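Student: Got a file for you: model.txt, compact mmCIF, C-alpha atoms and all ligand atoms.
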# COMPACT_ATOMS: atom_id res chain seq x y z
CA MET E 1 -109.40 2.04 -8.62
CA SER E 2 -112.31 3.69 -6.84
CA ASN E 3 -112.10 6.86 -4.81
CA ASN E 4 -111.27 6.36 -1.17
CA PRO E 5 -113.29 8.81 1.01
CA GLU E 6 -110.28 9.37 3.27
CA GLN E 7 -107.79 9.93 0.49
CA THR E 8 -107.00 13.34 -0.89
CA ALA E 9 -105.70 14.42 -4.27
CA SER E 10 -103.90 17.57 -5.26
CA PHE E 11 -105.92 20.18 -7.04
CA GLY E 12 -103.23 22.73 -7.78
CA PHE E 13 -101.67 23.50 -4.38
CA ARG E 14 -104.82 22.45 -2.50
CA GLU E 15 -105.52 18.97 -1.21
CA VAL E 16 -109.12 18.02 -1.91
CA PRO E 17 -111.05 14.78 -1.25
CA GLU E 18 -110.21 12.41 -4.10
CA ALA E 19 -113.83 12.20 -5.16
CA GLU E 20 -113.94 15.96 -5.77
CA LYS E 21 -110.91 16.38 -8.00
CA GLU E 22 -112.52 15.14 -11.22
CA GLY E 23 -115.43 17.59 -10.89
CA LEU E 24 -113.13 20.50 -10.10
CA VAL E 25 -110.95 19.74 -13.13
CA ARG E 26 -114.10 19.47 -15.24
CA GLU E 27 -115.16 22.96 -14.10
CA VAL E 28 -111.77 24.39 -15.06
CA PHE E 29 -111.99 23.11 -18.62
CA SER E 30 -115.68 23.93 -19.02
CA SER E 31 -114.80 27.45 -18.01
CA VAL E 32 -111.89 27.84 -20.43
CA ALA E 33 -113.13 25.73 -23.40
CA ALA E 34 -114.27 28.58 -25.66
CA ARG E 35 -111.05 30.54 -25.14
CA TYR E 36 -108.74 27.55 -24.76
CA ASP E 37 -106.95 27.76 -28.12
CA LEU E 38 -106.48 31.53 -27.98
CA MET E 39 -105.16 31.31 -24.42
CA ASN E 40 -102.71 28.56 -25.36
CA ASP E 41 -101.24 30.79 -28.03
CA LEU E 42 -101.08 33.81 -25.76
CA MET E 43 -99.71 31.95 -22.75
CA SER E 44 -96.94 30.22 -24.61
CA ALA E 45 -96.36 32.84 -27.34
CA GLY E 46 -97.24 30.08 -29.79
CA VAL E 47 -94.55 27.70 -28.46
CA HIS E 48 -97.14 25.00 -27.61
CA ARG E 49 -97.49 24.52 -31.37
CA ILE E 50 -93.77 23.69 -31.66
CA TRP E 51 -94.04 21.20 -28.77
CA LYS E 52 -97.09 19.54 -30.32
CA ASP E 53 -95.33 19.35 -33.70
CA ALA E 54 -92.37 17.71 -31.94
CA MET E 55 -94.67 15.15 -30.32
CA VAL E 56 -96.36 14.18 -33.56
CA GLU E 57 -93.02 14.15 -35.39
CA TRP E 58 -91.62 11.71 -32.79
CA LEU E 59 -94.69 9.50 -33.06
CA GLY E 60 -94.64 9.49 -36.86
CA PRO E 61 -98.23 8.29 -37.46
CA ARG E 62 -98.63 6.13 -40.55
CA PRO E 63 -101.52 5.50 -42.92
CA GLY E 64 -103.75 2.72 -41.59
CA TRP E 65 -102.96 3.39 -37.92
CA LYS E 66 -105.68 3.57 -35.29
CA VAL E 67 -104.67 6.17 -32.74
CA LEU E 68 -106.27 7.19 -29.45
CA ASP E 69 -105.64 10.77 -28.29
CA VAL E 70 -106.69 10.89 -24.64
CA ALA E 71 -107.54 14.24 -23.00
CA GLY E 72 -107.51 15.41 -26.61
CA GLY E 73 -109.39 18.63 -25.82
CA THR E 74 -109.87 20.84 -28.85
CA GLY E 75 -108.08 18.39 -31.15
CA ASP E 76 -104.65 19.96 -31.70
CA ILE E 77 -102.81 16.63 -31.57
CA ALA E 78 -105.46 14.68 -33.50
CA PHE E 79 -105.51 17.13 -36.42
CA ARG E 80 -101.71 17.07 -36.64
CA MET E 81 -101.68 13.25 -36.62
CA VAL E 82 -104.18 12.81 -39.46
CA GLU E 83 -102.29 15.42 -41.48
CA MET E 84 -98.94 13.66 -41.02
CA ALA E 85 -100.41 10.28 -42.03
CA ARG E 86 -101.90 11.94 -45.13
CA ASN E 87 -98.52 13.45 -45.99
CA ARG E 88 -97.24 9.87 -45.87
CA GLY E 89 -99.82 8.71 -48.36
CA GLY E 90 -103.01 7.67 -46.55
CA GLU E 91 -105.47 7.97 -43.73
CA ALA E 92 -104.92 7.33 -40.04
CA CYS E 93 -108.03 7.06 -37.90
CA VAL E 94 -107.77 9.14 -34.73
CA THR E 95 -110.20 9.00 -31.82
CA VAL E 96 -110.20 11.95 -29.44
CA CYS E 97 -111.30 10.91 -25.97
CA ASP E 98 -111.91 13.62 -23.37
CA ILE E 99 -113.92 13.80 -20.17
CA ASN E 100 -115.29 17.23 -21.02
CA GLU E 101 -118.11 17.67 -23.55
CA GLN E 102 -117.42 21.38 -23.99
CA MET E 103 -113.80 20.71 -25.01
CA LEU E 104 -114.99 17.98 -27.40
CA GLY E 105 -117.55 20.42 -28.79
CA GLU E 106 -114.75 22.86 -29.68
CA SER E 107 -112.86 20.02 -31.35
CA ARG E 108 -115.91 19.04 -33.42
CA ARG E 109 -116.48 22.66 -34.40
CA ARG E 110 -112.88 22.96 -35.60
CA ALA E 111 -113.14 19.69 -37.54
CA GLY E 112 -116.27 21.07 -39.24
CA GLU E 113 -114.39 24.21 -40.25
CA LYS E 114 -111.53 22.14 -41.67
CA GLY E 115 -113.81 19.58 -43.34
CA GLU E 116 -111.92 16.90 -41.38
CA ASN E 117 -113.53 13.47 -41.34
CA ALA E 118 -110.76 11.15 -40.10
CA VAL E 119 -111.33 12.13 -36.45
CA ALA E 120 -113.91 10.61 -34.09
CA TRP E 121 -114.90 11.84 -30.63
CA VAL E 122 -115.73 9.91 -27.50
CA CYS E 123 -116.51 11.38 -24.09
CA GLY E 124 -114.67 9.27 -21.52
CA ASN E 125 -112.35 9.15 -18.55
CA ALA E 126 -108.64 8.38 -19.01
CA GLU E 127 -108.89 6.19 -15.90
CA ASP E 128 -111.59 3.96 -17.34
CA LEU E 129 -111.37 4.09 -21.12
CA PRO E 130 -114.47 2.97 -23.04
CA PHE E 131 -112.44 0.89 -25.53
CA PRO E 132 -111.59 -2.80 -25.81
CA ASP E 133 -108.20 -4.29 -24.96
CA ARG E 134 -105.38 -4.26 -27.57
CA ASN E 135 -107.21 -1.90 -29.87
CA PHE E 136 -104.86 0.95 -30.87
CA ASP E 137 -101.50 1.28 -32.63
CA ALA E 138 -100.70 4.37 -30.60
CA TYR E 139 -101.91 6.19 -27.50
CA THR E 140 -101.17 9.89 -27.06
CA ILE E 141 -101.90 12.25 -24.19
CA ALA E 142 -100.83 15.89 -24.31
CA PHE E 143 -101.11 18.17 -21.28
CA GLY E 144 -103.74 15.81 -19.92
CA ILE E 145 -102.18 13.37 -17.51
CA ARG E 146 -101.51 15.85 -14.71
CA ASN E 147 -105.25 16.54 -14.52
CA VAL E 148 -106.13 12.92 -13.88
CA THR E 149 -106.86 11.87 -10.27
CA HIS E 150 -105.07 8.47 -10.37
CA ILE E 151 -102.22 8.72 -12.85
CA GLU E 152 -101.27 5.07 -12.35
CA LYS E 153 -104.77 4.02 -13.34
CA ALA E 154 -104.61 6.12 -16.55
CA LEU E 155 -101.25 4.53 -17.40
CA ALA E 156 -102.63 1.03 -16.84
CA GLU E 157 -105.52 1.88 -19.16
CA ALA E 158 -103.08 3.17 -21.78
CA ARG E 159 -101.29 -0.16 -21.76
CA ARG E 160 -104.54 -2.12 -21.83
CA VAL E 161 -105.92 -0.44 -24.96
CA LEU E 162 -102.61 -0.57 -26.87
CA LYS E 163 -101.94 -3.46 -29.22
CA PRO E 164 -98.73 -5.35 -28.43
CA GLY E 165 -96.08 -3.37 -30.33
CA GLY E 166 -98.15 -0.20 -29.84
CA ARG E 167 -96.61 3.12 -28.88
CA PHE E 168 -97.33 5.36 -25.88
CA LEU E 169 -96.44 9.05 -26.09
CA CYS E 170 -97.12 11.63 -23.41
CA LEU E 171 -96.44 15.38 -23.61
CA GLU E 172 -96.70 17.24 -20.35
CA PHE E 173 -95.35 20.25 -18.51
CA SER E 174 -92.36 19.15 -16.54
CA LYS E 175 -89.46 20.28 -14.39
CA VAL E 176 -87.24 23.06 -15.75
CA GLU E 177 -83.67 21.78 -15.82
CA VAL E 178 -81.90 24.99 -16.87
CA PRO E 179 -80.55 27.10 -13.98
CA GLY E 180 -82.08 30.58 -13.94
CA LEU E 181 -84.91 29.67 -16.28
CA ASP E 182 -86.84 28.16 -13.35
CA THR E 183 -86.95 31.50 -11.47
CA LEU E 184 -88.13 33.38 -14.54
CA TYR E 185 -90.69 30.70 -15.31
CA ASP E 186 -92.04 30.80 -11.73
CA ALA E 187 -92.50 34.57 -11.90
CA TYR E 188 -94.27 34.20 -15.23
CA SER E 189 -96.59 31.39 -14.16
CA PHE E 190 -97.66 32.68 -10.78
CA LYS E 191 -97.92 36.41 -11.60
CA LEU E 192 -98.47 36.98 -15.30
CA LEU E 193 -100.41 33.83 -16.19
CA PRO E 194 -103.41 34.34 -13.81
CA GLN E 195 -103.49 38.01 -14.87
CA LEU E 196 -103.61 37.00 -18.54
CA GLY E 197 -106.34 34.47 -17.71
CA SER E 198 -108.32 37.18 -16.02
CA TRP E 199 -107.99 39.67 -18.94
CA VAL E 200 -108.60 37.28 -21.81
CA ALA E 201 -110.82 34.55 -20.38
CA GLY E 202 -112.24 36.43 -17.36
CA ASP E 203 -110.94 33.59 -15.21
CA ALA E 204 -107.80 34.00 -13.11
CA ASP E 205 -108.52 30.93 -10.93
CA SER E 206 -108.38 28.38 -13.76
CA TYR E 207 -105.02 29.71 -14.85
CA ARG E 208 -103.75 29.72 -11.26
CA TYR E 209 -104.78 26.05 -11.13
CA LEU E 210 -102.80 25.49 -14.32
CA ALA E 211 -99.61 26.97 -12.82
CA GLU E 212 -100.05 25.11 -9.53
CA SER E 213 -100.87 21.77 -11.14
CA ILE E 214 -97.69 22.04 -13.20
CA ARG E 215 -95.61 22.52 -10.04
CA ARG E 216 -97.28 19.57 -8.33
CA PHE E 217 -96.68 17.21 -11.23
CA PRO E 218 -93.75 14.79 -10.72
CA PRO E 219 -90.45 15.43 -12.52
CA GLN E 220 -89.27 13.55 -15.62
CA ALA E 221 -87.55 10.59 -13.91
CA GLU E 222 -90.50 9.94 -11.61
CA VAL E 223 -92.96 9.96 -14.50
CA ALA E 224 -90.68 7.56 -16.40
CA GLN E 225 -90.73 5.20 -13.40
CA MET E 226 -94.55 5.33 -13.18
CA ILE E 227 -94.75 4.43 -16.87
CA ARG E 228 -92.44 1.44 -16.31
CA GLU E 229 -94.50 0.35 -13.31
CA ALA E 230 -97.59 0.34 -15.54
CA GLY E 231 -95.89 -2.33 -17.64
CA LEU E 232 -94.86 -0.16 -20.57
CA GLU E 233 -91.29 -0.66 -21.77
CA GLN E 234 -88.32 1.09 -23.40
CA VAL E 235 -89.21 4.40 -21.77
CA LYS E 236 -87.42 7.41 -23.25
CA VAL E 237 -87.66 11.07 -22.27
CA ARG E 238 -87.07 14.20 -24.37
CA ASN E 239 -87.11 17.65 -22.82
CA LEU E 240 -88.58 20.61 -24.67
CA SER E 241 -87.59 24.23 -23.95
CA GLY E 242 -85.22 23.28 -21.13
CA GLY E 243 -87.73 21.00 -19.43
CA ILE E 244 -90.70 23.41 -19.37
CA ALA E 245 -92.33 20.49 -21.14
CA ALA E 246 -91.18 16.91 -21.67
CA MET E 247 -92.21 13.97 -23.79
CA HIS E 248 -92.24 10.40 -22.49
CA SER E 249 -92.24 7.62 -25.07
CA ALA E 250 -92.78 3.91 -24.32
CA TRP E 251 -94.00 0.72 -25.93
CA ARG E 252 -96.35 -2.09 -25.08
CA ILE E 253 -94.22 -5.10 -25.92
C1 LIG E 301 -104.83 21.16 -20.93
S1 LIG E 301 -106.09 20.33 -21.84
C2 LIG E 301 -105.16 19.57 -23.13
C3 LIG E 301 -105.91 19.44 -24.42
C4 LIG E 301 -105.11 18.98 -25.63
N1 LIG E 301 -104.57 17.65 -25.44
C5 LIG E 301 -104.02 19.95 -25.97
O1 LIG E 301 -102.85 19.56 -25.85
O2 LIG E 301 -104.31 21.08 -26.35
C6 LIG E 301 -106.45 19.00 -20.76
C7 LIG E 301 -107.64 18.18 -21.20
O3 LIG E 301 -107.72 17.04 -20.34
C8 LIG E 301 -109.08 16.73 -20.17
N2 LIG E 301 -109.21 15.83 -19.00
C9 LIG E 301 -109.03 16.15 -17.70
N3 LIG E 301 -109.20 15.07 -16.92
C10 LIG E 301 -109.47 14.02 -17.76
C11 LIG E 301 -109.74 12.64 -17.56
N4 LIG E 301 -109.76 12.11 -16.33
N5 LIG E 301 -110.00 11.88 -18.64
C12 LIG E 301 -110.00 12.41 -19.89
N6 LIG E 301 -109.75 13.72 -20.13
C13 LIG E 301 -109.49 14.51 -19.08
C14 LIG E 301 -109.73 18.08 -20.01
O4 LIG E 301 -111.12 18.03 -20.20
C15 LIG E 301 -108.98 18.88 -21.08
O5 LIG E 301 -109.65 18.86 -22.31
Could I get this structure in the form of structure tokens?
Tutor:
Amino acid sequence: MSNNPEQTASFGFREVPEAEKEGLVREVFSSVAARYDLMNDLMSAGVHRIWKDAMVEWLGPRPGWKVLDVAGGTGDIAFRMVEMARNRGGEACVTVCDINEQMLGESRRRAGEKGENAVAWVCGNAEDLPFPDRNFDAYTIAFGIRNVTHIEKALAEARRVLKPGGRFLCLEFSKVEVPGLDTLYDAYSFKLLPQLGSWVAGDADSYRYLAESIRRFPPQAEVAQMIREAGLEQVKVRNLSGGIAAMHSAWRI
């Protein structure tokens, strides 16, 4: 799907020409890359680690699997997946694909520190993956899909690169489903979060984008329907922390 000059896409609460969204998102992550891991811990008081553990636990990567982690950023999901496969007795091969070289650079640096050699890195767009059809046992995307301009295109690509019988798993911020928690969460995201971004990363705007993009992202049931429409099957949803985040699981049959 190419960009239509008359179409707009949401960039946080702003509507921007479709063709501009990708570049704006790229700027956000280039700006936060060096401080990304620290900010994740500060912003979520470490809870993002529990959510990521839950995602990898649900996936249950096995030795011998080929996994693609799209929008893999600094490698949090990839490192967890290779570790779980090792705990089960062997190596899984995980490819991190991200559109942003700076985020991939952080991931490579961390792999170097860990002496990790079961992870590979490819710079690429979730909407046009540089991989052949039916290539992976699993496709994961954590906190990535809401940044993509055409979500339906990214989902179609996920299905294309999965082997039949392969698993799709998406972790994303979602719609809070606990009364009262939504008000608190709004106050936190729109007031405290940009302030924190400004103090720690010197960048309030990127963290304002983060809060806004979360609000613009469709709720659980709508995401499930988009996944079905992309031809993935047996869609299941699990909420995390009352719906602050949610996981969507599906299969290519
Ligand atoms: C919030 S970070 C998530 C990183 C990592 N998955 C995690 O959970 O910590 C979002 C990532 O999506 C990447 N991204 C944004 N748009 C993308 C696209 N169209 N294709 C691939 N990656 C994209 C960004 O560069 C960034 O690294």
Student: Counting only C-alpha atoms and all ligand atoms, which protein, DNA or RNA residues come within 7 Å of ligand LIG 301 (chain E), given as a list in words?
Tutor: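 Protein and nucleic-acid residues within 7 Å of ligand LIG 301 (chain E): Glu22, Val25, Arg26, Phe29, Val70, Ala71, Gly72, Gly73, Thr74, Gly75, Asp76, Ile77, Cys97, Asp98, Ile99, Asn100, Met103, Gly124, Asn125, Ala126, Glu127, Ile141, Ala142, Phe143, Gly144, Asn147, Val148 and Thr149 of chain E.
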Student: Quick check, in Å to one decimal: how far apart do atom CA of Val237 of chain E and atom CA of Trp251 of chain E lie?
Tutor: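 Result for atom CA of Val237 of chain E versus atom CA of Trp251 of chain E: 12.7 Å, one decimal.
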Student: If you count all atoms listed in the file, which residues fall within 10 Å of Leu181 of chain E, apart from same-chain ones fewer than 4 positions away, as a count of residues only?
Tutor: 8
Student: Calculated over all atoms listed in the file, which of the candidates E:Leu162, E:Leu210, E:Ala204, E:Ala221 has the smallest distance to Ile253 of chain E?
Tutor: E:Leu162
Student: Could you jot down the atom CA of Ser206 of chain E to atom CA of Met81 of chain E separation for me, Å, one decimal place?
Tutor: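 Separation between atom CA of Ser206 of chain E and atom CA of Met81 of chain E: 28.2 Å.
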Student: Show me, as a ChimeraX atom specification, the residues that have an atom within 9 Å of segment 188-198 of chain E when counting all atoms listed in the file, minus same-chain residues fewer than 4 positions from it.
Tutor: /E:39,42-43,183-184,202-212
Student: Just to confirm, what's the straight-line distance from atom CA of Lys52 of chain E to atom CA of Ala245 of chain E in Å (one decimal)?
Tutor: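 A separation of 10.4 Å between them.
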Student: Which of these residues is nearest to Asp41 of chain E, using only C-alpha atoms: E:Phe13, E:Pro164, E:Gly112, E:Val200?
Tutor: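 Residue with the minimum atom-to-atom distance to Asp41 of chain E: E:Val200.
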Student: Counting all atoms listed in the file, figure out which residue out of E:Ala246, E:Glu91, E:Ala120, E:Ile145 gets nearest to Arg108 of chain E.
Tutor: E:Ala120
Student: His150 of chain E: which residues within 12 Å, counting only C-alpha atoms, same-chain residues fewer than 5 positions away excluded, as a ChimeraX atom specification?
Tutor: /E:1-4,7-10,18-19,21-22,125-128,145,155-157,226
Student: Just checking: using only C-alpha atoms, which residue out of E:Val47, E:Ala138, E:Leu24, E:Glu233 ends up closest to Ala78 of chain E?
Tutor: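 Checking each candidate against Ala78 of chain E, we get E:Ala138 as the closest.
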Student: Which is closest to Asp137 of chain E among E:Val122, E:Val161, E:Val82, E:Val67, if we use all atoms listed in the file?
Tutor: E:Val67
Student: For Trp65 of chain E, which of E:His48, E:Ser249, E:Ile214, E:Met84 is the closest residue, counting all atoms listed in the file?
Tutor: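 Among the listed residues, E:Met84 lies closest to Trp65 of chain E.
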